[in-house]
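This is input.tsv (TSV, C-alpha atoms).
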chain	number	residue	atom	x	y	z
A	1	MET	CA	29.22	21.13	-2.17
A	2	THR	CA	26.53	21.77	0.49
A	3	GLU	CA	23.59	21.83	-1.93
A	4	ASP	CA	21.25	18.83	-1.95
A	5	PHE	CA	21.58	16.35	-4.80
A	6	HIS	CA	19.09	16.75	-7.67
A	7	ARG	CA	16.80	13.82	-6.83
A	8	ILE	CA	16.86	14.61	-3.11
A	9	ARG	CA	15.71	18.16	-3.89
A	10	ARG	CA	12.64	16.68	-5.60
A	11	LEU	CA	11.55	14.95	-2.38
A	12	PRO	CA	9.63	17.00	0.20
A	13	PRO	CA	10.30	16.63	3.94
A	14	TYR	CA	9.01	13.32	5.25
A	15	VAL	CA	5.54	14.12	6.59
A	16	PHE	CA	5.52	11.25	9.07
A	17	ALA	CA	8.85	12.32	10.61
A	18	GLU	CA	7.38	14.82	13.09
A	19	VAL	CA	4.86	12.33	14.47
A	20	ASN	CA	7.51	9.59	14.57
A	21	ALA	CA	9.84	11.88	16.51
A	22	ALA	CA	7.11	12.68	19.04
A	23	LYS	CA	6.35	8.97	19.37
A	24	ALA	CA	10.02	8.15	19.98
A	25	LYS	CA	10.28	10.92	22.57
A	26	ALA	CA	7.23	9.61	24.43
A	27	ARG	CA	8.56	6.07	24.46
A	28	ALA	CA	11.95	7.27	25.65
A	29	ALA	CA	10.09	8.78	28.61
A	30	ALA	CA	8.62	5.31	29.33
A	31	GLU	CA	5.14	6.27	28.12
A	32	ASP	CA	2.99	3.41	26.82
A	33	ILE	CA	2.02	4.32	23.25
A	34	VAL	CA	-0.51	2.23	21.32
A	35	ASP	CA	0.92	2.41	17.80
A	36	LEU	CA	-1.78	2.25	15.13
A	37	GLY	CA	0.27	4.27	12.66
A	38	MET	CA	2.31	1.92	10.48
A	39	GLY	CA	0.68	-0.88	8.47
A	40	ASN	CA	2.99	-3.47	9.98
A	41	PRO	CA	1.20	-6.81	10.66
A	42	ASP	CA	1.71	-8.02	14.22
A	43	SER	CA	0.78	-11.70	13.70
A	44	PRO	CA	3.48	-14.34	13.09
A	45	THR	CA	4.10	-15.87	9.70
A	46	PRO	CA	2.22	-19.22	9.49
A	47	PRO	CA	4.31	-22.13	10.85
A	48	HIS	CA	4.40	-24.17	7.63
A	49	ILE	CA	6.01	-21.24	5.81
A	50	VAL	CA	8.61	-20.75	8.55
A	51	ALA	CA	9.32	-24.50	8.54
A	52	LYS	CA	9.99	-24.43	4.79
A	53	LEU	CA	12.40	-21.51	5.26
A	54	ILE	CA	14.32	-23.44	7.94
A	55	GLU	CA	14.45	-26.52	5.74
A	56	ALA	CA	15.71	-24.56	2.74
A	57	VAL	CA	18.31	-22.54	4.63
A	58	GLN	CA	19.96	-25.76	5.85
A	59	ASP	CA	20.85	-26.64	2.27
A	60	PRO	CA	24.19	-24.91	1.49
A	61	ARG	CA	23.26	-24.67	-2.19
A	62	THR	CA	20.65	-22.06	-1.32
A	63	HIS	CA	23.31	-19.75	0.13
A	64	ARG	CA	24.58	-18.72	-3.30
A	65	TYR	CA	23.32	-15.87	-5.45
A	66	SER	CA	19.71	-16.30	-6.53
A	67	GLN	CA	17.89	-15.12	-9.66
A	68	SER	CA	16.94	-11.47	-9.93
A	69	LYS	CA	13.54	-12.17	-11.48
A	70	GLY	CA	12.77	-15.00	-9.04
A	71	ILE	CA	13.36	-18.74	-9.08
A	72	PRO	CA	11.22	-20.62	-11.65
A	73	GLY	CA	9.15	-22.45	-9.04
A	74	LEU	CA	8.14	-19.20	-7.37
A	75	ARG	CA	7.10	-17.55	-10.62
A	76	LYS	CA	5.11	-20.65	-11.52
A	77	ALA	CA	3.42	-20.57	-8.09
A	78	LEU	CA	2.37	-16.94	-8.58
A	79	ALA	CA	0.92	-17.82	-11.98
A	80	GLY	CA	-1.00	-20.63	-10.28
A	81	TYR	CA	-2.38	-18.19	-7.72
A	82	TYR	CA	-3.65	-15.87	-10.46
A	83	ALA	CA	-5.29	-18.77	-12.27
A	84	ARG	CA	-7.07	-19.97	-9.09
A	85	ARG	CA	-8.02	-16.59	-7.68
A	86	PHE	CA	-8.76	-14.48	-10.74
A	87	GLY	CA	-9.04	-16.90	-13.67
A	88	VAL	CA	-6.09	-15.11	-15.30
A	89	LYS	CA	-3.52	-17.10	-17.26
A	90	LEU	CA	0.10	-15.90	-16.91
A	91	ASP	CA	3.28	-17.16	-18.54
A	92	PRO	CA	5.73	-17.58	-15.64
A	93	GLU	CA	8.68	-16.93	-17.96
A	94	THR	CA	7.56	-13.71	-19.61
A	95	GLU	CA	4.70	-12.30	-17.54
A	96	VAL	CA	5.87	-12.66	-13.92
A	97	VAL	CA	8.78	-11.14	-11.97
A	98	ALA	CA	9.43	-11.63	-8.27
A	99	THR	CA	10.28	-8.37	-6.49
A	100	LEU	CA	11.64	-7.36	-3.08
A	101	GLY	CA	8.16	-6.38	-1.98
A	102	SER	CA	5.67	-4.54	-4.18
A	103	LYS	CA	7.21	-1.19	-3.15
A	104	GLU	CA	10.58	-2.07	-4.73
A	105	GLY	CA	8.83	-3.36	-7.83
A	106	LEU	CA	6.90	-0.13	-8.33
A	107	ALA	CA	10.01	2.00	-7.81
A	108	ASN	CA	12.12	-0.02	-10.23
A	109	LEU	CA	9.41	-0.09	-12.87
A	110	ALA	CA	9.34	3.71	-12.61
A	111	GLN	CA	13.08	3.74	-13.32
A	112	ALA	CA	12.51	1.42	-16.28
A	113	ILE	CA	9.72	3.24	-18.09
A	114	ALA	CA	9.76	6.92	-17.03
A	115	SER	CA	11.84	9.76	-18.45
A	116	PRO	CA	12.16	13.44	-17.48
A	117	GLY	CA	9.18	15.22	-18.97
A	118	ASP	CA	6.85	12.22	-18.74
A	119	THR	CA	3.60	12.62	-16.82
A	120	ILE	CA	2.12	9.92	-14.60
A	121	LEU	CA	-1.44	10.07	-13.28
A	122	VAL	CA	-1.65	9.19	-9.59
A	123	PRO	CA	-4.63	9.22	-7.21
A	124	ASN	CA	-4.42	11.73	-4.38
A	125	PRO	CA	-4.33	10.59	-1.60
A	126	SER	CA	-2.32	7.48	-2.39
A	127	TYR	CA	0.49	5.33	-0.99
A	128	PRO	CA	3.64	7.53	-1.21
A	129	ILE	CA	5.70	5.28	-3.54
A	130	HIS	CA	2.99	5.63	-6.19
A	131	GLN	CA	4.01	9.20	-6.86
A	132	PHE	CA	7.51	9.43	-5.42
A	133	GLY	CA	8.82	6.40	-7.31
A	134	PHE	CA	8.18	8.36	-10.49
A	135	ILE	CA	9.34	11.68	-9.07
A	136	ILE	CA	12.67	10.07	-8.16
A	137	ALA	CA	12.84	8.73	-11.73
A	138	GLY	CA	12.51	12.29	-13.05
A	139	ALA	CA	8.90	12.22	-14.22
A	140	SER	CA	6.11	14.61	-13.30
A	141	VAL	CA	2.97	13.58	-11.44
A	142	ARG	CA	-0.56	14.82	-12.00
A	143	SER	CA	-3.14	14.14	-9.31
A	144	ILE	CA	-6.49	12.54	-10.10
A	145	PRO	CA	-9.45	11.67	-7.81
A	146	TYR	CA	-8.90	8.59	-5.64
A	147	THR	CA	-12.42	7.14	-5.92
A	148	PRO	CA	-13.01	4.21	-8.37
A	149	ASP	CA	-15.89	5.85	-10.21
A	150	ASP	CA	-16.78	8.20	-13.05
A	151	SER	CA	-14.88	11.10	-11.48
A	152	MET	CA	-11.58	9.23	-11.80
A	153	LEU	CA	-12.36	8.15	-15.35
A	154	ALA	CA	-13.34	11.69	-16.35
A	155	ALA	CA	-10.14	13.08	-14.80
A	156	ILE	CA	-8.02	10.59	-16.76
A	157	ASP	CA	-9.79	11.53	-19.99
A	158	ARG	CA	-9.35	15.24	-19.23
A	159	ALA	CA	-5.67	14.80	-18.38
A	160	VAL	CA	-4.97	13.09	-21.70
A	161	LYS	CA	-6.67	15.88	-23.62
A	162	HIS	CA	-4.99	18.73	-21.74
A	163	SER	CA	-1.48	17.45	-20.95
A	164	VAL	CA	1.50	18.00	-23.24
A	165	PRO	CA	2.98	15.50	-23.69
A	166	ALA	CA	0.15	13.07	-23.02
A	167	PRO	CA	0.44	11.01	-19.82
A	168	THR	CA	2.38	7.75	-19.96
A	169	ALA	CA	0.62	5.72	-17.28
A	170	VAL	CA	-2.05	5.77	-14.59
A	171	ILE	CA	-1.74	4.15	-11.17
A	172	VAL	CA	-4.66	2.47	-9.43
A	173	ASN	CA	-4.66	0.88	-5.96
A	174	PHE	CA	-7.80	-0.98	-4.91
A	175	PRO	CA	-8.31	-2.03	-2.16
A	176	SER	CA	-6.68	1.28	-1.44
A	177	ASN	CA	-4.01	2.30	1.00
A	178	PRO	CA	-4.94	4.60	2.73
A	179	THR	CA	-8.64	5.00	1.86
A	180	ALA	CA	-9.66	1.28	1.92
A	181	LEU	CA	-11.91	1.79	-1.13
A	182	VAL	CA	-12.56	-1.22	-3.38
A	183	ALA	CA	-13.04	-1.19	-7.16
A	184	THR	CA	-15.58	-3.29	-9.04
A	185	ILE	CA	-14.86	-5.30	-12.16
A	186	ASP	CA	-17.21	-2.94	-14.05
A	187	PHE	CA	-14.98	0.00	-13.11
A	188	TYR	CA	-11.94	-1.91	-14.35
A	189	ARG	CA	-13.68	-2.64	-17.67
A	190	GLU	CA	-14.26	1.07	-18.22
A	191	LEU	CA	-10.72	1.90	-17.10
A	192	VAL	CA	-9.15	-0.61	-19.50
A	193	ALA	CA	-11.28	0.62	-22.41
A	194	LEU	CA	-10.35	4.24	-21.66
A	195	CYS	CA	-6.63	3.54	-21.28
A	196	ARG	CA	-6.48	1.38	-24.41
A	197	ARG	CA	-8.14	4.21	-26.31
A	198	HIS	CA	-5.57	6.73	-25.02
A	199	ASN	CA	-2.48	4.44	-25.14
A	200	LEU	CA	-2.01	4.65	-21.37
A	201	PHE	CA	-0.31	1.96	-19.29
A	202	ILE	CA	-2.15	0.84	-16.15
A	203	LEU	CA	-0.04	0.11	-13.07
A	204	SER	CA	-2.19	-1.63	-10.48
A	205	ASP	CA	-1.18	-2.10	-6.83
A	206	LEU	CA	-3.14	-5.10	-5.49
A	207	ALA	CA	-1.28	-5.60	-2.22
A	208	TYR	CA	-4.51	-5.94	-0.21
A	209	ALA	CA	-6.34	-8.37	-2.50
A	210	GLU	CA	-6.95	-10.93	0.25
A	211	LEU	CA	-7.86	-8.52	3.05
A	212	TYR	CA	-11.59	-8.11	2.45
A	213	TYR	CA	-14.59	-8.43	4.76
A	214	GLY	CA	-17.58	-8.99	2.49
A	215	ASP	CA	-18.70	-11.90	0.34
A	216	VAL	CA	-17.20	-10.61	-2.93
A	217	PRO	CA	-13.38	-10.78	-3.21
A	218	PRO	CA	-11.73	-7.70	-4.76
A	219	PRO	CA	-11.06	-8.26	-8.47
A	220	SER	CA	-7.87	-7.89	-10.46
A	221	VAL	CA	-7.80	-5.51	-13.40
A	222	LEU	CA	-6.12	-8.33	-15.34
A	223	GLU	CA	-9.46	-10.16	-15.32
A	224	VAL	CA	-10.66	-7.74	-18.00
A	225	PRO	CA	-10.09	-9.09	-21.54
A	226	GLY	CA	-7.31	-7.12	-23.20
A	227	ALA	CA	-6.04	-5.63	-19.93
A	228	LYS	CA	-2.76	-7.51	-20.17
A	229	ASP	CA	-1.93	-5.53	-23.33
A	230	ILE	CA	-1.40	-2.41	-21.20
A	231	THR	CA	-1.25	-3.49	-17.55
A	232	VAL	CA	1.23	-4.57	-14.90
A	233	GLU	CA	-0.12	-5.50	-11.48
A	234	PHE	CA	1.83	-5.67	-8.22
A	235	THR	CA	1.02	-8.06	-5.39
A	236	SER	CA	2.71	-8.78	-2.09
A	237	MET	CA	3.19	-11.59	0.42
A	238	SER	CA	3.43	-9.07	3.26
A	239	LYS	CA	-0.23	-8.77	4.22
A	240	THR	CA	-1.61	-11.97	2.67
A	241	TYR	CA	0.68	-14.29	4.63
A	242	ASN	CA	1.93	-12.00	7.42
A	243	MET	CA	5.37	-11.80	5.81
A	244	PRO	CA	6.18	-8.05	5.85
A	245	GLY	CA	9.85	-8.38	6.84
A	246	TRP	CA	10.48	-11.13	4.30
A	247	ARG	CA	10.19	-8.57	1.45
A	248	MET	CA	8.59	-10.70	-1.21
A	249	GLY	CA	6.29	-9.37	-3.90
A	250	PHE	CA	5.50	-9.75	-7.58
A	251	ALA	CA	4.81	-7.91	-10.79
A	252	ALA	CA	2.60	-9.64	-13.34
A	253	GLY	CA	1.08	-8.76	-16.67
A	254	ASN	CA	2.24	-7.12	-19.88
A	255	PRO	CA	5.39	-8.88	-21.19
A	256	ARG	CA	7.01	-5.66	-22.44
A	257	LEU	CA	6.69	-3.94	-19.07
A	258	ILE	CA	7.75	-7.10	-17.24
A	259	ALA	CA	10.84	-7.39	-19.44
A	260	ALA	CA	11.74	-3.75	-18.76
A	261	LEU	CA	11.43	-4.28	-15.01
A	262	ALA	CA	13.44	-7.50	-15.16
A	263	ARG	CA	16.23	-5.79	-17.09
A	264	VAL	CA	16.55	-2.92	-14.61
A	265	LYS	CA	16.48	-5.35	-11.69
A	266	SER	CA	19.21	-7.47	-13.28
A	267	TYR	CA	21.60	-4.51	-12.83
A	268	LEU	CA	20.53	-3.83	-9.24
A	269	ASP	CA	20.03	-7.08	-7.33
A	270	TYR	CA	20.30	-10.86	-7.35
A	271	GLY	CA	16.79	-11.33	-6.02
A	272	ALA	CA	15.65	-12.29	-2.55
A	273	PHE	CA	17.57	-14.88	-0.52
A	274	THR	CA	16.71	-18.26	-2.11
A	275	PRO	CA	15.26	-19.83	1.09
A	276	ILE	CA	12.81	-16.92	1.31
A	277	GLN	CA	11.73	-17.60	-2.27
A	278	VAL	CA	11.35	-21.31	-1.51
A	279	ALA	CA	9.21	-20.50	1.54
A	280	ALA	CA	7.12	-18.06	-0.51
A	281	THR	CA	6.54	-20.82	-3.05
A	282	ALA	CA	5.32	-23.07	-0.24
A	283	ALA	CA	2.98	-20.30	0.93
A	284	LEU	CA	1.37	-19.91	-2.50
A	285	ASN	CA	1.14	-23.65	-3.18
A	286	GLY	CA	0.26	-24.78	0.35
A	287	PRO	CA	-2.83	-24.64	2.59
A	288	GLN	CA	-4.67	-21.33	2.40
A	289	ASP	CA	-6.71	-21.52	5.61
A	290	CYS	CA	-4.23	-19.10	7.20
A	291	ILE	CA	-5.60	-16.36	4.91
A	292	GLU	CA	-9.15	-16.86	6.13
A	293	GLU	CA	-7.92	-16.83	9.73
A	294	MET	CA	-6.19	-13.52	9.02
A	295	ARG	CA	-9.40	-12.05	7.58
A	296	VAL	CA	-11.37	-13.11	10.65
A	297	LEU	CA	-8.75	-11.55	12.93
A	298	TYR	CA	-8.75	-8.18	11.16
A	299	LYS	CA	-12.53	-8.14	10.81
A	300	ASP	CA	-12.91	-8.63	14.55
A	301	ARG	CA	-10.44	-5.83	15.26
A	302	ARG	CA	-12.27	-3.61	12.77
A	303	GLU	CA	-15.58	-4.17	14.58
A	304	VAL	CA	-14.09	-3.42	17.99
A	305	LEU	CA	-12.37	-0.24	16.79
A	306	VAL	CA	-15.21	1.19	14.70
A	307	LYS	CA	-17.79	0.49	17.43
A	308	GLY	CA	-15.51	1.93	20.12
A	309	LEU	CA	-14.74	5.09	18.15
A	310	LYS	CA	-18.43	5.68	17.53
A	311	ALA	CA	-19.14	5.30	21.25
A	312	ALA	CA	-16.38	7.84	21.91
A	313	GLY	CA	-18.07	10.32	19.57
A	314	TRP	CA	-15.87	9.75	16.51
A	315	ASP	CA	-17.90	8.38	13.61
A	316	VAL	CA	-15.50	6.50	11.33
A	317	PRO	CA	-16.70	4.37	8.39
A	318	ALA	CA	-15.97	0.65	8.55
A	319	PRO	CA	-13.63	-0.33	5.69
A	320	GLU	CA	-14.73	-2.98	3.20
A	321	ALA	CA	-11.14	-4.15	2.79
A	322	SER	CA	-7.49	-3.50	3.75
A	323	MET	CA	-6.12	-3.21	7.30
A	324	PHE	CA	-6.86	0.50	7.67
A	325	LEU	CA	-9.56	2.90	8.78
A	326	TRP	CA	-9.57	6.16	6.83
A	327	ALA	CA	-10.85	8.39	9.58
A	328	PRO	CA	-12.13	11.94	8.98
A	329	ILE	CA	-10.73	14.27	11.62
A	330	PRO	CA	-13.49	15.38	14.03
A	331	GLU	CA	-14.83	18.76	12.99
A	332	ARG	CA	-13.58	20.70	16.04
A	333	PHE	CA	-10.00	19.53	15.41
A	334	ARG	CA	-9.97	19.88	11.62
A	335	HIS	CA	-8.34	23.29	11.75
A	336	LEU	CA	-5.16	21.57	13.02
A	337	GLY	CA	-4.64	19.54	9.87
A	338	SER	CA	-3.71	15.86	10.02
A	339	VAL	CA	-0.17	16.37	11.38
A	340	GLY	CA	-1.32	18.65	14.20
A	341	PHE	CA	-4.21	16.35	15.08
A	342	SER	CA	-1.95	13.26	15.04
A	343	LYS	CA	0.47	14.99	17.44
A	344	LEU	CA	-2.38	15.99	19.74
A	345	LEU	CA	-3.79	12.45	19.71
A	346	LEU	CA	-0.36	11.12	20.62
A	347	GLU	CA	0.06	13.62	23.44
A	348	LYS	CA	-3.41	13.39	24.97
A	349	ALA	CA	-4.59	9.84	24.14
A	350	ARG	CA	-1.21	8.06	23.87
A	351	VAL	CA	-2.26	6.71	20.47
A	352	ALA	CA	-0.19	6.99	17.30
A	353	VAL	CA	-1.87	7.25	13.88
A	354	ALA	CA	-0.64	8.22	10.41
A	355	PRO	CA	-1.43	11.79	9.27
A	356	GLY	CA	-3.35	11.82	6.01
A	357	LEU	CA	-1.12	14.57	4.60
A	358	GLY	CA	1.58	11.93	4.17
A	359	PHE	CA	-0.50	10.37	1.41
A	360	GLY	CA	-1.10	13.62	-0.49
A	361	GLU	CA	-2.49	17.07	0.21
A	362	HIS	CA	-6.05	15.85	-0.37
A	363	GLY	CA	-5.66	13.51	2.59
A	364	ASP	CA	-5.08	16.28	5.11
A	365	GLU	CA	-8.59	16.10	6.62
A	366	HIS	CA	-8.10	12.43	7.56
A	367	VAL	CA	-5.81	10.17	9.57
A	368	ARG	CA	-5.10	6.52	8.80
A	369	ILE	CA	-5.60	4.05	11.64
A	370	ALA	CA	-4.05	0.59	11.23
A	371	LEU	CA	-5.48	-2.63	12.71
A	372	VAL	CA	-2.08	-3.79	13.93
A	373	GLU	CA	-2.69	-4.29	17.65
A	374	ASN	CA	-4.71	-6.95	19.46
A	375	ASN	CA	-8.16	-6.19	20.88
A	376	HIS	CA	-6.81	-5.61	24.38
A	377	ARG	CA	-4.50	-2.86	23.07
A	378	ILE	CA	-7.22	-1.49	20.80
A	379	ARG	CA	-9.53	-1.12	23.80
A	380	GLN	CA	-6.72	0.63	25.65
A	381	ALA	CA	-6.40	3.02	22.72
A	382	LEU	CA	-10.16	3.59	22.73
A	383	ARG	CA	-10.13	4.54	26.40
A	384	GLY	CA	-7.46	7.12	25.70
A	385	ILE	CA	-9.31	8.47	22.66
A	386	LYS	CA	-12.62	8.66	24.53
A	387	SER	CA	-11.02	10.61	27.37
A	388	PHE	CA	-9.28	12.92	24.90
A	389	LEU	CA	-12.44	13.65	22.89
A	390	ALA	CA	-14.46	14.25	26.05
A	391	GLY	CA	-12.09	17.03	27.15
A	392	ASP	CA	-11.44	20.53	25.83
A	393	ASN	CA	-8.23	19.74	23.96
A	394	ALA	CA	-8.53	21.75	20.79
A	395	ALA	CA	-5.40	23.76	20.03
A	396	PRO	CA	-5.27	27.31	18.64
A	397	VAL	CA	-6.02	27.73	14.96
A	398	ASP	CA	-2.51	28.97	14.12
A	399	GLU	CA	-1.03	25.60	15.12
A	400	LYS	CA	-2.16	24.18	11.76
A	401	GLN	CA	0.38	26.24	9.89
A	402	GLU	CA	3.07	25.26	12.36
A	403	ALA	CA	2.23	21.56	11.98
A	404	VAL	CA	2.18	21.55	8.18
A	405	SER	CA	5.33	23.62	7.71
A	406	ALA	CA	7.42	21.74	10.27

Go through the file and emit its structure as structure tokens.
Amino acid sequence: MTEDFHRIRRLPPYVFAEVNAAKAKARAAAEDIVDLGMGNPDSPTPPHIVAKLIEAVQDPRTHRYSQSKGIPGLRKALAGYYARRFGVKLDPETEVVATLGSKEGLANLAQAIASPGDTILVPNPSYPIHQFGFIIAGASVRSIPYTPDDSMLAAIDRAVKHSVPAPTAVIVNFPSNPTALVATIDFYRELVALCRRHNLFILSDLAYAELYYGDVPPPSVLEVPGAKDITVEFTSMSKTYNMPGWRMGFAAGNPRLIAALARVKSYLDYGAFTPIQVAATAALNGPQDCIEEMRVLYKDRREVLVKGLKAAGWDVPAPEASMFLWAPIPERFRHLGSVGFSKLLLEKARVAVAPGLGFGEHGDEHVRIALVENNHRIRQALRGIKSFLAGDNAAPVDEKQEAVSA
């Protein structure tokens, strides 16, 4: 009776737990920690969205059970967004499901379509739910390169030829969390052609579609003709409208996959609270200037942080999209691994970041830095980092093993 349950045994120890524990200990000691670890937007939800929530919640009819797949107006609003933004036509009845954030949608789709013995192709590093949603569902995961280029396409082709049984689906996430890489529409054309040829489903996570800093918005894989035959794409209100705690997302695309997700969800939930869905509808249908304001805010923070890190002696590439910097660990600290380096950064610089190991073993030479503090706090973090990097703070080599195994 003391043995872990089957699905719990399939989950490794939570990589972020050690850094989180150190962060909590420091804060309990009244230390001022600049937390750039979690991708948790710090800006308020736009006032017109909040006002619609307040209006809706005052109607007692909205206090009853909602619809698991989302109220019709919300699904219609999401279809309208896809038509405006990507030129993609969606049937709100059969090709859209509202989810409790994109994370829940991905996990429940895994329950709907995966069986023990199935293989899912997942980029490494990648957002944890991409692989662990399927691991919890009983499937196996095979890692592929995380870059949207020929190496990923070749790895998919190779996996199909050398896996028994053949893989069921491939996950893509561009703009990527954690790497911030962006895919082109040409890459998606090749991906769709390859996956149609091999009878592979494509599961696309597009949560950061509106967080971009160049002139060309990130595309949707559903823009490719024929993609809808094999693809479901997940989007989220969390980053686009600063609504992370509202837990509102969507799945859109292939009717068969959407129907499978909707059926599983119908057994598990009654959907988000109706006033939240009404407010989300207002967000999608209302003024969109708040999105541009958000992009300007994050771009400014990106410039301050990248420039400051370079001045401190840490050369980190500026991301084209997302709210993250994917920062290679400075060479003299690389022997620590990402967990050990994150702990040292917390101790010496009073700055929290996310260890790259939490996103897959191929992320262990990086840390993820989130743009979730204002410029004043970012400059405070930079002062701590600069002082840390200027000193002789490298730990013994054997601490890497301790950090990874803890």

Exercise. Using all atoms listed in the file, which residues sit within 12 Å of Val353 (chain A) once same-chain residues fewer than 6 positions away are excluded, as a ChimeraX atom specification?
Worked result: /A:16,18-20,22-23,33-39,178,324-327,329,338-347,366-372,381,385

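Straight-line separation from CA of Asp91 (chain A) to CA of Asp205 (chain A): 19.6 Å.
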
Cut-off 10 Å: closest region 215-273 of chain A/region 294-311 of chain A atom pairs per residue, using all atoms listed in the file, as CSV:
residue,atom,partner,partner_atom,distance
A:Lys239,CA,A:Met294,CA,9.0
A:Thr240,CA,A:Met294,CA,8.0
A:Tyr241,CA,A:Met294,CA,8.2
A:Asn242,CA,A:Met294,CA,8.4

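The residue that comes closest to Asn177 (chain A), out of A:Ser322, A:Ser238, A:Ser115, A:Ser151 and on the basis of only C-alpha atoms, is A:Ser322.
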
Problem set entry | Straight-line distance linking CA of Ala110 (chain A) with CA of Glu320 (chain A), stated in Å to one decimal | 29.6 Å

Problem set entry | Atom pair CA of Leu100 (chain A) / CA of Glu293 (chain A): separation (Å) |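 Pair CA of Leu100 (chain A) / CA of Glu293 (chain A) returns 25.2 Å.
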
Shell of 9 Å around Val182 (chain A), only C-alpha atoms, local chain residues under 2 positions omitted, as a PDB file with C-alpha atoms, in the coordinates of the input:
ATOM      1  CA  THR A 147     -12.420   7.140  -5.920  1.00  0.00           C
ATOM      2  CA  PRO A 148     -13.010   4.210  -8.370  1.00  0.00           C
ATOM      3  CA  ASN A 173      -4.660   0.880  -5.960  1.00  0.00           C
ATOM      4  CA  PHE A 174      -7.800  -0.980  -4.910  1.00  0.00           C
ATOM      5  CA  PRO A 175      -8.310  -2.030  -2.160  1.00  0.00           C
ATOM      6  CA  SER A 176      -6.680   1.280  -1.440  1.00  0.00           C
ATOM      7  CA  ALA A 180      -9.660   1.280   1.920  1.00  0.00           C
ATOM      8  CA  THR A 184     -15.580  -3.290  -9.040  1.00  0.00           C
ATOM      9  CA  PRO A 218     -11.730  -7.700  -4.760  1.00  0.00           C
ATOM     10  CA  PRO A 219     -11.060  -8.260  -8.470  1.00  0.00           C
ATOM     11  CA  GLU A 320     -14.730  -2.980   3.200  1.00  0.00           C
ATOM     12  CA  ALA A 321     -11.140  -4.150   2.790  1.00  0.00           C
TER      13      ALA A 321
END

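Compared by their closest atoms to Gly214 (chain A), and using all atoms listed in the file, the residues A:Arg27, A:Arg189, A:Ala318, A:Met152 rank with A:Ala318 nearest.
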
Seminar exercise, completed: Using all atoms listed in the file, the shortest atom-to-atom distance to Leu222 (chain A) among A:Gly87, A:Gly73, A:Pro116, A:Pro355 belongs to A:Gly87

For this session: Go through A:Gln380, A:Asn254, A:Asn375, A:Thr274 one by one, measure the shortest atom-to-atom distance of each to Asp59 (chain A) using all atoms listed in the file, and give the residue with the smallest value.
Result: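 Of the candidates, the smallest distance to Asp59 (chain A) is held by A:Thr274.
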